[in-house]
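Engineer: Just dropping this structure here.
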Amino acid sequence: MSRTIPEPEGGAPAVATHGLTKRYGRETALAGVDLRVPEGAVYALVGANGAGKSTTFKVLMNLERPDAGRAEVLGLDTASHGPRVRAQVGYVPEQHTPAYGWMTCGRLLRHAAAYYPAWEPAYAERLGQALGLEPHRKVSALSKGQARRLQLVLALAHRPALLLLDEPTDGLDPVVRNRTLALLAEHLADSPTTIVVSTHHLHELESLADHVGVLSAGRLVAQLPRHELQRTVRRYRVEVPERWAAPPELQAGALRRTGTGRELQWTLVGEEREVVERLSGTGARVREVTALGLEDAALAFLSEEVSR
Ligand SMILES: Nc1ncnc2c1ncn2[C@@H]1O[C@H](COP(=O)(O)OP(=O)(O)OP(=O)(O)O)[C@@H](O)[C@H]1O
């Protein structure tokens, strides 16, 4: 089951993929993904390990070629405009291994400054200080978290139109993790930026994300604005008559079902009023309806398959 948003109105999306498919040998990493990221959105990409998040980022950066389909980033076809795309994107890759390991952090930042015309040295310095970056440390000698801090400065300091952040807080200690999220919020407030960010900790993006995409085994099983997600995905606690069978239209909207006997908890997609009417029409009594947080609402899509 997949739920998607219509094409954003007015102007091209900042990121769009069309039937994106990527295989590694017999492994299908992406199976016909149609991503739509409106300009200015903070789009959280979630999914289990191996769902295809990093592969999506790599294709968007033209670091991997799709086997079928195509991707557009900032109006450019990624396959034919790789360098132009990369020049306009701030990318934090999944791997914590920045290039130029023999340089010091300070030297690498100066090197990047020469490469990006919009690089702001003062901003780079401020970010480095806020993240506790040590300019004299050699890149190859950085710990995982230290490398992540450097990658964040490299991605943000040229204020790109698009940030592609693949688990940006991975490896960071809790203090720097919070600081990074605050820096991202400040960055957004200061410069118009579209962000696509993957995470296994969606609650961290509770105050930032306004769109959510859920990848499951290479398929985009949900893609919708956050307010839509939270409005239409609800948990219903219902009491059902004996030998009650759920009608097919409710089964179709069910993401998760727990409970036994006559008391059930269902996470369902649909307009609350209609869902309650449908349930009541079958003799079930709705005892409680709970609105879900961003993380629970998105994660419900990931348990969809296993609950069926
Ligand atoms: N270079 C590669 N060679 C072979 N298989 C690969 C390669 N890169 C990715 N895959 C496979 O493609 C699938 C998607 O991987 P990907 O790294 O995109 O997932 P992910 O959602 O980022 O996972 P995680 O949350 O664990 O980082 C996985 O099954 C993975 O094993």
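Residues in the structure tokens are numbered from 1 in each chain, the chains being A, B, ... in the order shown, and ligands are numbered from 1 in the order shown.
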Within 9 Å of ligand 1, counting only C-alpha atoms and all ligand atoms: which residues, as number ranges by chain?
Structural biologist: A: 22-30, 46-58, 94, 166-167, 198-200, 215-218
Engineer: Could you find all residues in region 69-176 of chain A that DSSP calls helix (DSSP H, G or I) from the backbone, and write them as a ChimeraX atom specification?
Structural biologist: /A:82-87,105-115,121-130,139-141,144-156,174-176
Engineer: Considering only C-alpha atoms, can you say which of A:Arg110, A:Arg287, A:Arg149, A:Arg256 comes closest to Gly128 (chain A)?
Structural biologist: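 Smallest separation from Gly128 (chain A) among the options: A:Arg149.
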Engineer: Would you please work out which residue, of A:Pro248, A:Pro160, A:Gly69, A:Pro83, is nearest to Glu120 (chain A) when using only C-alpha atoms?
Structural biologist: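 Result for the nearest residue to Glu120 (chain A): A:Pro160.
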Engineer: Counting only C-alpha atoms, what is within 9 Å of Arg148 (chain A), bar same-chain residues fewer than 3 positions away, as a PyMOL selection string?
Structural biologist: chain A and resi 92+95-98+143-145+151-153+168-172
Engineer: For Pro13 (chain A), work out the shell of residues within 6 Å, counting only C-alpha atoms and skipping chain neighbours fewer than 2 positions away, then give it as a VMD selection string.
Structural biologist: chain A and resid 15 37 to 39
Engineer: May I have the residues from that selection written out with C-alpha atoms, as a tab-separated table (two decimals), in the first residue's frame?
Structural biologist:
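Full text of part_21.tsv as output:
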chain	number	residue	atom	x	y	z
A	15	VAL	CA	14.00	17.03	-5.77
A	37	VAL	CA	10.40	17.18	-2.31
A	38	PRO	CA	8.83	20.64	-2.54
A	39	GLU	CA	11.18	23.59	-2.55
Engineer: So how far away is CA of Cys105 (chain A) from CA of Tyr43 (chain A), in Å?
Structural biologist: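 Interatomic distance, CA of Tyr43 (chain A) to CA of Cys105 (chain A): 29.5 Å.
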Engineer: Per DSSP on the backbone, what are the strand (DSSP E or B) residues of region 123-300 of chain A, as a count of residues only?
Structural biologist: 50
Engineer: Could you name the residues that touch Gln88 (chain A) at 9 Å or less, counting only C-alpha atoms, but leaving out those on the same chain fewer than 2 positions away, as a PyMOL selection string?
Structural biologist: chain A and resi 74+83-86+90+116+158-163
Engineer: Dump N, CA and C atoms for the selected residues as a short mmCIF file (atom, residue, chain, number, x, y, z; two decimals), in the first residue's frame?
Structural biologist:
data_model
loop_
_atom_site.label_atom_id
_atom_site.label_comp_id
_atom_site.auth_asym_id
_atom_site.auth_seq_id
_atom_site.Cartn_x
_atom_site.Cartn_y
_atom_site.Cartn_z
N LEU A 74 17.15 20.24 -8.13
CA LEU A 74 17.13 21.68 -8.44
C LEU A 74 16.95 21.90 -9.94
N PRO A 83 28.29 17.21 -11.77
CA PRO A 83 29.11 18.23 -11.10
C PRO A 83 28.31 19.49 -10.74
N ARG A 84 27.40 19.90 -11.62
CA ARG A 84 26.59 21.10 -11.31
C ARG A 84 25.68 20.85 -10.13
N VAL A 85 25.13 19.66 -10.08
CA VAL A 85 24.27 19.30 -8.94
C VAL A 85 25.10 19.34 -7.66
N ARG A 86 26.25 18.67 -7.69
CA ARG A 86 27.06 18.56 -6.46
C ARG A 86 27.54 19.93 -5.97
N GLY A 90 24.74 20.56 -0.32
CA GLY A 90 25.56 20.22 0.84
C GLY A 90 25.20 18.80 1.22
N TYR A 116 33.88 26.32 -3.45
CA TYR A 116 32.51 26.85 -3.46
C TYR A 116 32.54 28.38 -3.45
N HIS A 158 28.61 26.68 2.77
CA HIS A 158 28.41 27.43 1.51
C HIS A 158 26.92 27.71 1.28
N ARG A 159 26.14 27.53 2.33
CA ARG A 159 24.70 27.79 2.29
C ARG A 159 24.07 27.32 0.97
N PRO A 160 24.15 26.00 0.72
CA PRO A 160 23.62 25.48 -0.53
C PRO A 160 22.09 25.55 -0.56
N ALA A 161 21.55 25.51 -1.78
CA ALA A 161 20.08 25.55 -1.92
C ALA A 161 19.46 24.27 -1.38
N LEU A 162 20.26 23.18 -1.41
CA LEU A 162 19.74 21.88 -0.98
C LEU A 162 20.74 21.18 -0.07
N LEU A 163 20.25 20.66 1.03
CA LEU A 163 21.07 19.84 1.91
C LEU A 163 20.57 18.41 1.84
#
Engineer: Which polymer residues have any atom within 12 Å of an atom of Gly293 (chain A), counting only C-alpha atoms, with same-chain residues fewer than 6 positions away left out, as a short mmCIF file (atom, residue, chain, number, x, y, z; two decimals) with N, CA and C atoms, in the first residue's frame?
Structural biologist:
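Ended up saving to part.cif:
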data_model
loop_
_atom_site.label_atom_id
_atom_site.label_comp_id
_atom_site.auth_asym_id
_atom_site.auth_seq_id
_atom_site.Cartn_x
_atom_site.Cartn_y
_atom_site.Cartn_z
N LEU A 202 13.49 9.77 14.27
CA LEU A 202 12.60 10.80 13.72
C LEU A 202 12.16 11.81 14.77
N HIS A 203 12.11 11.36 16.03
CA HIS A 203 11.70 12.28 17.09
C HIS A 203 12.62 13.50 17.16
N GLU A 204 13.89 13.32 16.74
CA GLU A 204 14.82 14.45 16.74
C GLU A 204 14.38 15.55 15.79
N LEU A 205 13.62 15.16 14.78
CA LEU A 205 13.22 16.13 13.75
C LEU A 205 11.80 16.63 13.99
N GLU A 206 11.27 16.31 15.16
CA GLU A 206 9.89 16.66 15.50
C GLU A 206 9.59 18.14 15.20
N SER A 207 10.55 19.02 15.51
CA SER A 207 10.26 20.45 15.31
C SER A 207 10.75 20.95 13.95
N ARG A 226 3.75 16.46 6.70
CA ARG A 226 3.68 16.01 8.09
C ARG A 226 2.29 16.21 8.69
N HIS A 227 1.67 17.39 8.41
CA HIS A 227 0.35 17.65 9.02
C HIS A 227 -0.69 16.64 8.52
N LEU A 229 0.06 13.55 7.53
CA LEU A 229 0.41 12.29 8.19
C LEU A 229 -0.23 12.23 9.57
N GLN A 230 -0.05 13.32 10.32
CA GLN A 230 -0.53 13.29 11.69
C GLN A 230 -2.05 13.44 11.79
N ARG A 231 -2.64 14.03 10.76
CA ARG A 231 -4.11 14.18 10.75
C ARG A 231 -4.79 12.86 10.40
N THR A 232 -4.16 12.10 9.51
CA THR A 232 -4.87 10.93 8.98
C THR A 232 -4.43 9.59 9.59
N VAL A 233 -3.34 9.58 10.33
CA VAL A 233 -2.95 8.32 10.97
C VAL A 233 -3.28 8.42 12.46
N ARG A 234 -4.22 7.60 12.91
CA ARG A 234 -4.66 7.65 14.31
C ARG A 234 -4.74 6.25 14.89
N ARG A 235 -4.63 6.17 16.21
CA ARG A 235 -4.79 4.87 16.86
C ARG A 235 -6.19 4.81 17.48
N LEU A 299 6.37 5.41 11.73
CA LEU A 299 6.78 4.02 11.97
C LEU A 299 5.64 3.04 11.75
N ALA A 300 4.42 3.53 11.89
CA ALA A 300 3.26 2.64 11.67
C ALA A 300 3.31 2.07 10.25
#
Engineer: For Gly106 (chain A), list every protein, DNA or RNA residue within 10 Å, evaluated using only C-alpha atoms, and leave out those in the same chain fewer than 4 positions away; present the list as a short mmCIF file (atom, residue, chain, number, x, y, z; two decimals) with C-alpha atoms, in the first residue's frame.
Structural biologist:
data_model
loop_
_atom_site.label_atom_id
_atom_site.label_comp_id
_atom_site.auth_asym_id
_atom_site.auth_seq_id
_atom_site.Cartn_x
_atom_site.Cartn_y
_atom_site.Cartn_z
CA ARG A 110 40.22 26.28 3.21
CA HIS A 111 40.36 23.84 0.32
CA ALA A 112 36.53 23.66 0.26
CA GLU A 125 34.44 29.25 11.66
CA GLY A 128 33.37 24.77 13.62
CA LEU A 133 36.00 21.15 15.56
CA GLU A 134 39.75 21.18 16.11
CA PRO A 135 41.39 22.83 13.06
CA HIS A 136 44.83 21.31 13.65
CA ARG A 137 43.63 17.72 13.83
CA LYS A 138 44.39 15.52 10.84
CA VAL A 139 41.28 14.37 8.97
CA LEU A 150 33.63 18.25 9.96
#
Engineer: Could you tell me how far CA of Arg107 (chain A) lies from CA of Val89 (chain A), in Å and to one decimal?
Structural biologist: 20.9 Å
